[in-house]
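Participant: What follows is my_file_2.cif; its format and atoms are mmCIF, C-alpha atoms.
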```
data_upload
#
loop_
_atom_site.label_atom_id
_atom_site.label_comp_id
_atom_site.auth_asym_id
_atom_site.auth_seq_id
_atom_site.Cartn_x
_atom_site.Cartn_y
_atom_site.Cartn_z
CA MET A 3 -78.15 0.55 85.19
CA LYS A 4 -76.50 -0.48 81.91
CA ILE A 5 -76.37 -4.04 80.63
CA GLN A 6 -72.91 -5.12 79.48
CA LEU A 7 -73.18 -8.25 77.34
CA ALA A 8 -70.15 -10.47 77.95
CA LEU A 9 -69.13 -12.50 74.90
CA ASP A 10 -67.00 -15.49 75.85
CA ARG A 11 -66.09 -18.91 74.49
CA LEU A 12 -67.49 -18.09 71.04
CA GLU A 13 -66.12 -17.69 67.53
CA ILE A 14 -66.09 -14.03 66.42
CA GLN A 15 -68.87 -14.50 63.85
CA GLU A 16 -71.03 -16.34 66.39
CA ALA A 17 -70.48 -13.47 68.82
CA ILE A 18 -71.56 -10.93 66.18
CA GLN A 19 -74.65 -12.92 65.17
CA LEU A 20 -75.64 -13.37 68.80
CA THR A 21 -75.18 -9.68 69.57
CA LYS A 22 -77.33 -8.71 66.56
CA LEU A 23 -80.19 -10.68 68.09
CA VAL A 24 -80.05 -8.78 71.37
CA GLU A 25 -78.55 -5.38 70.53
CA HIS A 26 -81.72 -3.42 71.26
CA SER A 27 -81.87 -4.75 74.82
CA ILE A 28 -78.24 -4.33 75.80
CA ASP A 29 -76.06 -1.24 76.27
CA TRP A 30 -72.38 -2.20 76.22
CA ILE A 31 -70.58 -5.07 74.47
CA GLU A 32 -67.74 -6.88 76.23
CA VAL A 33 -65.21 -8.69 74.06
CA GLY A 34 -64.39 -11.41 76.59
CA THR A 35 -60.86 -12.43 77.61
CA SER A 36 -61.34 -15.79 75.89
CA LEU A 37 -62.04 -14.07 72.54
CA ILE A 38 -59.00 -11.80 72.89
CA LYS A 39 -56.67 -14.64 73.85
CA GLU A 40 -58.01 -16.94 71.13
CA PHE A 41 -58.26 -14.46 68.24
CA GLY A 42 -56.26 -11.42 69.32
CA MET A 43 -57.12 -7.81 68.46
CA THR A 44 -59.17 -8.94 65.44
CA SER A 45 -61.94 -9.81 67.90
CA ILE A 46 -62.16 -6.20 69.12
CA LYS A 47 -61.88 -4.73 65.60
CA GLU A 48 -64.64 -6.93 64.21
CA LEU A 49 -67.05 -6.31 67.06
CA LYS A 50 -66.47 -2.54 66.84
CA ASN A 51 -67.00 -2.63 63.06
CA ALA A 52 -70.24 -4.56 63.48
CA PHE A 53 -71.51 -2.28 66.28
CA PRO A 54 -69.90 1.16 65.78
CA ASN A 55 -72.47 2.89 68.01
CA LYS A 56 -72.09 0.61 71.01
CA LYS A 57 -69.52 1.03 73.75
CA ILE A 58 -66.97 -1.80 73.40
CA ILE A 59 -65.27 -3.15 76.51
CA ALA A 60 -62.02 -5.07 75.92
CA ASP A 61 -61.71 -7.52 78.81
CA ILE A 62 -57.95 -7.82 78.30
CA LYS A 63 -57.24 -8.29 82.04
CA THR A 64 -53.92 -6.44 81.89
CA ILE A 65 -51.50 -7.23 84.73
CA ASP A 66 -48.28 -5.96 83.12
CA ASN A 67 -47.18 -4.20 79.90
CA ALA A 68 -50.02 -1.74 80.45
CA ARG A 69 -49.09 0.91 77.91
CA TYR A 70 -48.63 -1.59 75.07
CA GLU A 71 -51.80 -3.54 75.83
CA PHE A 72 -54.06 -0.54 76.42
CA GLU A 73 -52.86 1.30 73.30
CA MET A 74 -53.41 -1.89 71.29
CA CYS A 75 -57.01 -2.16 72.59
CA PHE A 76 -57.90 1.49 71.98
CA LYS A 77 -56.36 1.35 68.49
CA ALA A 78 -58.49 -1.71 67.77
CA GLY A 79 -61.64 0.23 68.67
CA ALA A 80 -62.22 -0.43 72.38
CA ASP A 81 -63.85 2.30 74.46
CA VAL A 82 -63.00 0.69 77.81
CA ALA A 83 -60.25 -1.79 78.72
CA THR A 84 -59.80 -3.83 81.90
CA VAL A 85 -56.86 -4.11 84.30
CA MET A 86 -56.54 -6.45 87.27
CA GLY A 87 -56.76 -4.82 90.70
CA VAL A 88 -54.09 -7.30 91.89
CA SER A 89 -51.52 -5.71 89.53
CA PRO A 90 -48.64 -3.57 90.77
CA LEU A 91 -50.01 -0.04 91.19
CA VAL A 92 -47.61 1.30 88.54
CA THR A 93 -49.46 -0.87 86.02
CA ILE A 94 -52.85 0.56 87.03
CA ASP A 95 -51.45 4.12 87.03
CA THR A 96 -50.24 3.56 83.47
CA CYS A 97 -53.65 2.23 82.34
CA LEU A 98 -55.38 5.34 83.69
CA GLU A 99 -52.79 7.58 82.01
CA VAL A 100 -53.11 5.88 78.61
CA ALA A 101 -56.93 5.88 78.83
CA SER A 102 -56.96 9.56 79.67
CA GLN A 103 -54.66 10.34 76.71
CA HIS A 104 -57.09 8.51 74.41
CA ASN A 105 -60.21 9.90 76.10
CA LYS A 106 -61.23 6.33 77.00
CA GLN A 107 -62.06 4.50 80.22
CA VAL A 108 -60.54 1.89 82.53
CA MET A 109 -62.40 -0.88 84.31
CA ILE A 110 -60.54 -2.28 87.33
CA ASP A 111 -61.32 -5.95 88.00
CA LEU A 112 -61.42 -6.59 91.76
CA LEU A 113 -60.94 -10.37 91.44
CA ASN A 114 -59.02 -11.74 94.44
CA THR A 115 -57.94 -8.28 95.68
CA SER A 116 -57.11 -8.01 99.40
CA GLU A 117 -58.76 -5.40 101.65
CA GLU A 118 -55.48 -3.48 101.55
CA GLN A 119 -55.40 -3.52 97.74
CA LYS A 120 -59.03 -2.38 97.57
CA SER A 121 -58.27 0.57 99.85
CA TYR A 122 -55.42 1.66 97.53
CA LEU A 123 -57.68 1.33 94.49
CA MET A 124 -60.19 3.84 95.86
CA LYS A 125 -57.99 6.67 94.58
CA TYR A 126 -58.80 5.87 90.94
CA LYS A 127 -61.87 8.13 90.78
CA ASP A 128 -62.20 7.87 86.99
CA ALA A 129 -62.29 4.08 86.84
CA ILE A 130 -65.22 1.67 86.89
CA PHE A 131 -64.75 -0.99 89.59
CA CYS A 132 -65.82 -4.46 88.56
CA ASP A 133 -66.75 -6.91 91.25
CA HIS A 134 -66.93 -10.37 89.84
CA VAL A 135 -67.31 -13.95 90.93
CA SER A 136 -64.90 -15.59 88.49
CA LYS A 137 -65.86 -18.32 86.05
CA ASP A 138 -63.63 -20.79 87.90
CA GLU A 139 -65.12 -19.91 91.28
CA GLN A 140 -68.57 -20.54 89.82
CA GLU A 141 -67.86 -23.60 87.70
CA GLU A 142 -65.00 -25.39 89.39
CA ASN A 143 -65.81 -24.45 92.97
CA GLY A 144 -69.58 -24.13 92.81
CA LYS A 145 -69.37 -20.73 94.53
CA SER A 146 -72.67 -18.91 94.40
CA GLN A 147 -72.95 -15.33 93.18
CA SER A 148 -75.36 -14.42 95.95
CA GLY A 149 -72.77 -13.67 98.66
CA ILE A 150 -71.80 -10.22 99.85
CA ARG A 151 -70.32 -8.27 96.99
CA GLN A 152 -67.22 -6.24 97.61
CA THR A 153 -68.16 -3.11 95.67
CA GLU A 154 -70.36 -1.76 98.46
CA MET A 155 -67.50 0.38 99.81
CA PHE A 156 -66.73 1.75 96.33
CA LYS A 157 -70.36 2.69 95.76
CA LYS A 158 -70.49 4.48 99.10
CA HIS A 159 -67.70 6.73 97.86
CA PHE A 160 -69.69 7.55 94.71
CA LEU A 161 -67.38 5.54 92.48
CA LYS A 162 -68.70 3.78 89.38
CA THR A 163 -69.27 0.05 89.80
CA ALA A 164 -70.00 -3.00 87.69
CA VAL A 165 -71.02 -6.43 88.90
CA ALA A 166 -70.44 -9.72 87.08
CA GLY A 167 -70.69 -13.45 87.56
CA GLY A 168 -73.73 -15.68 87.36
CA ILE A 169 -76.32 -12.87 87.38
CA THR A 170 -79.87 -13.97 86.49
CA THR A 171 -83.22 -12.17 86.41
CA ASP A 172 -83.89 -13.87 89.78
CA THR A 173 -80.86 -12.32 91.48
CA LEU A 174 -80.96 -8.94 89.76
CA LYS A 175 -83.59 -7.37 92.02
CA SER A 176 -81.70 -7.96 95.26
CA LEU A 177 -78.43 -6.97 93.58
CA LYS A 178 -79.95 -3.65 92.56
CA ALA A 179 -81.44 -3.08 96.01
CA ARG A 180 -78.17 -3.85 97.80
CA LEU A 181 -75.52 -2.40 95.48
CA ASN A 182 -77.26 -0.44 92.75
CA PRO A 183 -74.32 -0.94 90.35
CA ASP A 184 -73.91 1.30 87.32
CA VAL A 185 -73.36 -1.72 85.10
CA VAL A 186 -74.52 -5.34 85.29
CA ILE A 187 -72.40 -7.71 83.25
CA ILE A 188 -74.42 -10.60 81.85
CA GLY A 189 -72.88 -13.47 79.96
CA SER A 190 -74.28 -16.97 79.76
CA ALA A 191 -77.76 -16.03 81.09
CA ILE A 192 -78.17 -14.41 77.66
CA THR A 193 -75.60 -16.06 75.38
CA LYS A 194 -76.44 -19.63 76.44
CA ALA A 195 -80.22 -19.08 76.69
CA GLY A 196 -82.47 -21.13 74.41
CA ASN A 197 -83.82 -17.81 73.15
CA PRO A 198 -81.17 -15.11 73.68
CA LYS A 199 -83.38 -12.30 72.31
CA GLU A 200 -86.13 -13.10 74.81
CA ALA A 201 -83.62 -13.52 77.66
CA ALA A 202 -82.07 -10.11 76.96
CA GLU A 203 -85.52 -8.48 76.73
CA LYS A 204 -86.43 -9.95 80.12
CA PHE A 205 -83.32 -8.37 81.68
CA LYS A 206 -84.03 -5.04 80.02
CA ASP A 207 -87.71 -5.02 81.03
CA LEU A 208 -86.78 -5.89 84.60
CA ILE A 209 -84.25 -3.06 84.80
CA VAL A 210 -86.74 -0.57 83.36
CA LYS A 211 -89.28 -1.73 85.93
CA LEU A 212 -86.75 -1.56 88.79
CA GLU A 213 -85.62 1.91 87.82
CA GLY A 214 -89.08 3.18 87.03
CA GLU A 215 -87.83 4.68 83.84
CA HIS A 216 -86.10 3.75 80.59
CA VAL A 217 -82.29 3.67 80.67
CA ASP A 218 -80.85 5.35 77.62
CA GLU A 219 -77.42 4.57 76.18
CA MET B 11 -29.80 -23.62 83.66
CA LYS B 12 -32.00 -23.29 80.58
CA ILE B 13 -32.41 -20.11 78.57
CA GLN B 14 -36.04 -19.23 77.83
CA LEU B 15 -36.20 -16.66 75.04
CA ALA B 16 -39.14 -14.31 75.66
CA LEU B 17 -40.70 -12.99 72.45
CA ASP B 18 -42.69 -9.83 73.06
CA ARG B 19 -43.89 -6.77 71.16
CA LEU B 20 -43.10 -8.35 67.79
CA GLU B 21 -45.02 -9.49 64.73
CA ILE B 22 -45.20 -13.30 64.48
CA GLN B 23 -42.90 -13.46 61.43
CA GLU B 24 -40.37 -11.15 63.10
CA ALA B 25 -40.45 -13.41 66.17
CA ILE B 26 -39.78 -16.49 64.00
CA GLN B 27 -36.94 -14.84 62.06
CA LEU B 28 -35.36 -13.61 65.27
CA THR B 29 -35.60 -17.03 66.91
CA LYS B 30 -33.99 -18.68 63.87
CA LEU B 31 -30.92 -16.48 64.41
CA VAL B 32 -30.48 -17.62 68.00
CA GLU B 33 -32.03 -21.08 68.19
CA HIS B 34 -28.75 -22.90 68.80
CA SER B 35 -28.01 -20.80 71.87
CA ILE B 36 -31.43 -20.92 73.55
CA ASP B 37 -33.43 -23.79 75.05
CA TRP B 38 -37.07 -22.80 75.44
CA ILE B 39 -39.20 -20.36 73.43
CA GLU B 40 -41.73 -18.15 75.20
CA VAL B 41 -44.62 -16.82 73.16
CA GLY B 42 -45.05 -13.59 75.14
CA THR B 43 -48.36 -12.29 76.49
CA SER B 44 -48.25 -9.41 74.01
CA LEU B 45 -48.11 -11.84 71.06
CA ILE B 46 -50.99 -13.91 72.43
CA LYS B 47 -53.19 -10.89 73.13
CA GLU B 48 -52.39 -9.27 69.77
CA PHE B 49 -52.60 -12.33 67.49
CA GLY B 50 -54.33 -15.03 69.54
CA MET B 51 -53.54 -18.75 69.37
CA THR B 52 -52.07 -18.34 65.88
CA SER B 53 -48.93 -17.01 67.56
CA ILE B 54 -48.43 -20.26 69.49
CA LYS B 55 -49.29 -22.46 66.48
CA GLU B 56 -46.84 -20.68 64.18
CA LEU B 57 -43.98 -20.72 66.65
CA LYS B 58 -44.53 -24.41 67.37
CA ASN B 59 -44.65 -25.17 63.62
CA ALA B 60 -41.43 -23.26 63.06
CA PHE B 61 -39.63 -24.92 66.01
CA PRO B 62 -41.25 -28.32 66.56
CA ASN B 63 -38.31 -29.59 68.64
CA LYS B 64 -38.20 -26.70 71.09
CA LYS B 65 -40.26 -26.44 74.26
CA ILE B 66 -42.87 -23.72 73.74
CA ILE B 67 -44.03 -21.67 76.73
CA ALA B 68 -47.37 -19.87 76.29
CA ASP B 69 -47.24 -16.83 78.58
CA ILE B 70 -51.02 -16.59 78.69
CA LYS B 71 -51.09 -15.27 82.30
CA THR B 72 -54.34 -17.05 83.12
CA ILE B 73 -56.26 -15.62 86.09
CA ASP B 74 -59.68 -17.13 85.38
CA ASN B 75 -61.28 -19.54 82.88
CA ALA B 76 -58.34 -21.87 83.45
CA ARG B 77 -59.65 -24.99 81.76
CA TYR B 78 -60.64 -23.20 78.56
CA GLU B 79 -57.42 -21.17 78.32
CA PHE B 80 -55.05 -24.02 79.15
CA GLU B 81 -56.73 -26.47 76.77
CA MET B 82 -56.60 -23.82 74.04
CA CYS B 83 -52.83 -23.34 74.60
CA PHE B 84 -52.00 -27.05 74.66
CA LYS B 85 -54.12 -27.65 71.57
CA ALA B 86 -52.21 -24.87 69.81
CA GLY B 87 -48.92 -26.62 70.58
CA ALA B 88 -47.70 -25.17 73.88
CA ASP B 89 -45.70 -27.41 76.22
CA VAL B 90 -45.97 -25.10 79.22
CA ALA B 91 -48.59 -22.42 80.02
CA THR B 92 -48.52 -19.71 82.69
CA VAL B 93 -51.00 -18.86 85.43
CA MET B 94 -50.84 -15.91 87.82
CA GLY B 95 -50.00 -16.73 91.44
CA VAL B 96 -52.47 -13.99 92.50
CA SER B 97 -55.37 -16.02 91.02
CA PRO B 98 -57.96 -17.77 93.20
CA LEU B 99 -56.47 -21.16 94.14
CA VAL B 100 -59.26 -23.00 92.32
CA THR B 101 -57.92 -21.48 89.09
CA ILE B 102 -54.38 -22.71 89.79
CA ASP B 103 -55.69 -26.16 90.82
CA THR B 104 -57.50 -26.38 87.48
CA CYS B 105 -54.37 -25.40 85.52
CA LEU B 106 -52.38 -28.18 87.21
CA GLU B 107 -55.17 -30.66 86.53
CA VAL B 108 -55.48 -29.77 82.84
CA ALA B 109 -51.69 -29.81 82.38
CA SER B 110 -51.44 -33.22 84.01
CA GLN B 111 -54.20 -34.57 81.72
CA HIS B 112 -52.24 -33.36 78.70
CA ASN B 113 -48.85 -34.38 80.10
CA LYS B 114 -47.76 -30.74 80.00
CA GLN B 115 -46.41 -28.26 82.54
CA VAL B 116 -47.56 -25.17 84.44
CA MET B 117 -45.48 -22.11 85.21
CA ILE B 118 -46.81 -20.03 88.13
CA ASP B 119 -46.00 -16.32 87.83
CA LEU B 120 -45.27 -14.86 91.28
CA LEU B 121 -45.86 -11.24 90.21
CA ASN B 122 -47.26 -9.21 93.12
CA THR B 123 -48.06 -12.28 95.27
CA SER B 124 -48.23 -11.71 99.03
CA GLU B 125 -46.18 -13.77 101.49
CA GLU B 126 -49.38 -15.61 102.38
CA GLN B 127 -50.11 -16.42 98.73
CA LYS B 128 -46.54 -17.64 98.21
CA SER B 129 -46.84 -19.99 101.15
CA TYR B 130 -50.04 -21.50 99.67
CA LEU B 131 -48.33 -21.91 96.30
CA MET B 132 -45.57 -24.11 97.73
CA LYS B 133 -47.92 -27.09 97.50
CA TYR B 134 -47.75 -27.15 93.70
CA LYS B 135 -44.73 -29.45 93.51
CA ASP B 136 -45.06 -30.05 89.76
CA ALA B 137 -45.07 -26.38 88.77
CA ILE B 138 -42.22 -24.08 87.78
CA PHE B 139 -42.25 -20.87 89.85
CA CYS B 140 -41.45 -17.74 87.92
CA ASP B 141 -40.12 -14.76 89.79
CA HIS B 142 -40.23 -11.69 87.65
CA VAL B 143 -39.76 -7.97 87.84
CA SER B 144 -42.57 -6.88 85.55
CA LYS B 145 -42.10 -4.77 82.43
CA ASP B 146 -44.03 -1.92 84.04
CA GLU B 147 -41.97 -2.04 87.22
CA GLN B 148 -38.84 -1.82 85.08
CA GLU B 149 -39.97 0.70 82.48
CA GLU B 150 -42.52 2.89 84.19
CA ASN B 151 -41.10 2.74 87.69
CA GLY B 152 -37.40 2.34 86.97
CA LYS B 153 -37.25 -0.61 89.41
CA SER B 154 -33.98 -2.48 89.11
CA GLN B 155 -33.81 -6.22 88.70
CA SER B 156 -30.99 -6.52 91.18
CA GLY B 157 -33.07 -6.61 94.38
CA ILE B 158 -33.76 -9.68 96.46
CA ARG B 159 -35.66 -12.21 94.40
CA GLN B 160 -38.57 -14.01 95.97
CA THR B 161 -37.92 -17.51 94.63
CA GLU B 162 -35.24 -18.25 97.24
CA MET B 163 -37.77 -19.99 99.50
CA PHE B 164 -39.10 -22.07 96.59
CA LYS B 165 -35.62 -23.19 95.62
CA LYS B 166 -34.88 -24.18 99.22
CA HIS B 167 -37.79 -26.60 99.00
CA PHE B 168 -36.36 -28.15 95.81
CA LEU B 169 -39.06 -26.62 93.63
CA LYS B 170 -38.31 -25.63 90.04
CA THR B 171 -37.76 -21.91 89.50
CA ALA B 172 -37.47 -19.43 86.67
CA VAL B 173 -36.32 -15.84 86.92
CA ALA B 174 -37.27 -13.02 84.53
CA GLY B 175 -37.01 -9.28 84.13
CA GLY B 176 -34.09 -7.21 82.92
CA ILE B 177 -31.48 -10.00 83.12
CA THR B 178 -28.16 -9.19 81.41
CA THR B 179 -24.84 -11.03 81.16
CA ASP B 180 -23.63 -8.64 83.89
CA THR B 181 -26.29 -9.71 86.39
CA LEU B 182 -26.43 -13.40 85.47
CA LYS B 183 -23.45 -14.47 87.55
CA SER B 184 -24.76 -13.14 90.86
CA LEU B 185 -28.24 -14.42 90.01
CA LYS B 186 -26.85 -17.91 89.50
CA ALA B 187 -24.79 -17.73 92.68
CA ARG B 188 -27.72 -16.51 94.79
CA LEU B 189 -30.69 -18.40 93.35
CA ASN B 190 -29.40 -20.95 90.86
CA PRO B 191 -32.70 -20.93 88.94
CA ASP B 192 -33.58 -23.79 86.60
CA VAL B 193 -34.58 -21.32 83.90
CA VAL B 194 -33.47 -17.78 83.08
CA ILE B 195 -35.94 -15.87 80.97
CA ILE B 196 -34.25 -13.40 78.64
CA GLY B 197 -36.15 -10.98 76.45
CA SER B 198 -34.89 -7.65 75.25
CA ALA B 199 -31.22 -8.34 76.12
CA ILE B 200 -31.37 -10.69 73.12
CA THR B 201 -34.32 -9.53 71.02
CA LYS B 202 -33.38 -5.83 71.09
CA ALA B 203 -29.62 -6.38 70.81
CA GLY B 204 -27.82 -4.94 67.78
CA ASN B 205 -26.64 -8.48 67.06
CA PRO B 206 -29.11 -10.93 68.63
CA LYS B 207 -27.11 -14.03 67.57
CA GLU B 208 -23.99 -12.75 69.30
CA ALA B 209 -25.98 -11.66 72.39
CA ALA B 210 -27.56 -15.12 72.72
CA GLU B 211 -24.17 -16.81 72.28
CA LYS B 212 -22.71 -14.66 75.04
CA PHE B 213 -25.48 -15.79 77.42
CA LYS B 214 -25.02 -19.42 76.46
CA ASP B 215 -21.21 -19.29 76.79
CA LEU B 216 -21.51 -17.63 80.18
CA ILE B 217 -23.93 -20.29 81.43
CA VAL B 218 -21.68 -23.08 80.17
CA LYS B 219 -18.77 -21.44 81.95
CA LEU B 220 -20.75 -20.90 85.17
CA GLU B 221 -21.97 -24.48 85.21
CA GLY B 222 -18.66 -25.94 84.20
CA GLU B 223 -20.38 -28.16 81.68
CA HIS B 224 -22.65 -27.99 78.63
CA VAL B 225 -26.38 -27.83 79.31
CA ASP B 226 -28.26 -30.08 76.95
CA GLU B 227 -31.92 -29.60 75.92
#
```
Mind turning this structure into structure tokens?

Facilitator:
Amino acid sequence: MKIQLALDRLEIQEAIQLTKLVEHSIDWIEVGTSLIKEFGMTSIKELKNAFPNKKIIADIKTIDNARYEFEMCFKAGADVATVMGVSPLVTIDTCLEVASQHNKQVMIDLLNTSEEQKSYLMKYKDAIFCDHVSKDEQEENGKSQSGIRQTEMFKKHFLKTAVAGGITTDTLKSLKARLNPDVVIIGSAITKAGNPKEAAEKFKDLIVKLEGEHVDE
Amino acid sequence: MKIQLALDRLEIQEAIQLTKLVEHSIDWIEVGTSLIKEFGMTSIKELKNAFPNKKIIADIKTIDNARYEFEMCFKAGADVATVMGVSPLVTIDTCLEVASQHNKQVMIDLLNTSEEQKSYLMKYKDAIFCDHVSKDEQEENGKSQSGIRQTEMFKKHFLKTAVAGGITTDTLKSLKARLNPDVVIIGSAITKAGNPKEAAEKFKDLIVKLEGEHVDE
């Protein structure tokens, strides 16, 4: 189980400094949507330059203009880019095609997808499916992250999954037992911690313990 | 019927130069999603600085993190910002709330919304509803813009509507007759024209003719 560190609502230099503190405990680095929309492709370029050996996930949340946006992300140094599962399927098809041409990966965000949409998405065998409780659902609606996650059906079909939204060391054990995702996406539980280095180490130690072995990059 | 000029897949300075050529024929300026994702908030700031008297639409396509993204857009100088109709309703609620606090407007993008979602969206009386055939549906799928548009039901309830996607002077007349949108969003038919000034004038003249009177800002 990889740890994807989600960097959101930060200046680029803050994001880099923060990541330096925790880089030995985390696996993948997510340039959050808020960084992309605030600073553009510079955010991806600077994070990739600072951490050339880490996998960089551009959370660009594409919903149209797939070819242009995905090529822009890969050119800027991203290894994975995200597309919304609620997009027209032609958009998702195009993301997969562009990623394959660049030998990169696609993460499909399942936010607010219907059962019907999820069933169509199962055909994208090369994608990583990201099940997330959105920021607004957590903050504005007070929705807990402990409910049934929707990636169970994807996992059953041996598809790669990621889980995001309000994950803490307290909820990680049951999440692993129930869904065993390939990636856990952690944001504020590390970035807003009093001691981010310690917080990241706690996550890493817990995962090592839960898996019974060290998870290599 | 206002003309919203959509600026996409351009450098910021190109977008400004292009808009200067056509500013007397167009009403609103849309900073396209591709400009925001490539250059960040700078794109909105520079367009607003260059055209302080025009209404600036930030096509940020929010789908989460509504408060942060909308405040960022309004702070950068946007007068209207866009949210996806396929978002969780709490996200759209938050966009309306933030816009109201700033005395600004929300445009709700109906891309890929279900009938059920559209019926929920009818409650947002202060929003502008944007019906668009997406770039990918046009370019990757060859979908024509001439099909039945989905804003008819919104218009019947006296809600404000915008229509986008592949609109030309040839299709404008039937679009006006059928839907009479408050805003027509024109991108490449102006920005990629051999003579953008002339193309914009043709749209403006046609609208004046169709309406039988001059449309003021």

Participant: Evaluated on this file, the PyMOL selection byres ((chain B) within 6 of (chain A)) picks out some residues - which ones are they, written as a list of chain:residue names?

Facilitator: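 After applying the PyMOL selection byres ((chain B) within 6 of (chain A)), what remains is B:Ile46, B:Lys47, B:Glu48, B:Phe49, B:Gly50, B:Met51, B:Asp74, B:Asn75, B:Thr101, B:Lys145, B:Asp146.
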
Participant: Decode the PyMOL selection byres ((chain A and resi 159) around 12) for the given file into explicit residues and return them as a list in words.

Facilitator: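 Applying the expression gives Ser121, Leu123, Met124, Lys125, Tyr126, Lys127, Phe131, Thr153, Glu154, Met155, Phe156, Lys157, Lys158, Phe160, Leu161, Lys162 and Thr163 of chain A.
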
Participant: How many Å separate atom CA of B:Glu221 from atom CA of B:Ala209?

Facilitator: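 Taking atom CA of B:Glu221 as the start and atom CA of B:Ala209 as the end point, the length is 18.6 Å.
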
Participant: Give me, please, the distance in Å between atom CA of A:Ala191 and atom CA of A:Glu13, quoted to one decimal.

Facilitator: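 Computing the Euclidean distance for atom CA of A:Ala191 and atom CA of A:Glu13 yields 17.9 Å.
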
Participant: With all atoms listed in the file as the counted atoms, please give the residues lying no more than 9 Å from A:Leu177, apart from itself and same-chain residues fewer than 6 positions off, as a PyMOL selection string.

Facilitator: chain A and resi 148+151+165+169+183

Participant: If I take atom CA of B:Cys140 and atom CA of B:Val116, how far is one from the other in Å, to one decimal?

Facilitator: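 It comes out at 10.2 Å.
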
Participant: Using only C-alpha atoms, which residues sit within 8 Å of B:Val90 once same-chain residues fewer than 3 positions away are excluded, as a PyMOL selection string?

Facilitator: chain B and resi 65-68+84+114-117

Participant: With distances taken over all atoms listed in the file, which residue among B:Ala88, B:Ala109, B:Gly176, B:Ile13 lies nearest B:Ser35?

Facilitator: B:Ile13

Participant: I'd like to see the residues matched by the PyMOL selection byres ((chain B and resi 27-33) around 10) on this file, and ideally I'd get them as a PyMOL selection string.

Facilitator: chain B and resi 15-17+20+22-26+34-39+57+60-61+64+200-202+205-211

Participant: Taking all atoms of stretch 6-18 of chain A that the file lists and extending 8 Å past them on each side, where is the centre of the axis-aligned box and how long are its edges? Answer in Å to one decimal, as JSON.

Facilitator:
```
{"center_x": -69.6, "center_y": -12.0, "center_z": 71.7, "size_x": 23.1, "size_y": 29.8, "size_z": 31.6}
```

Participant: Given all atoms listed in the file as the basis, pick out the residue of B:Asp119, B:Asp215, B:Asp69, B:Glu125 nearest to B:Ala137.

Facilitator: B:Asp119

Participant: Return the single residue from A:Gly34, A:Gly79, A:Pro54, A:Gly144 that is closest to A:Gly189, with distances computed using only C-alpha atoms.

Facilitator: A:Gly34
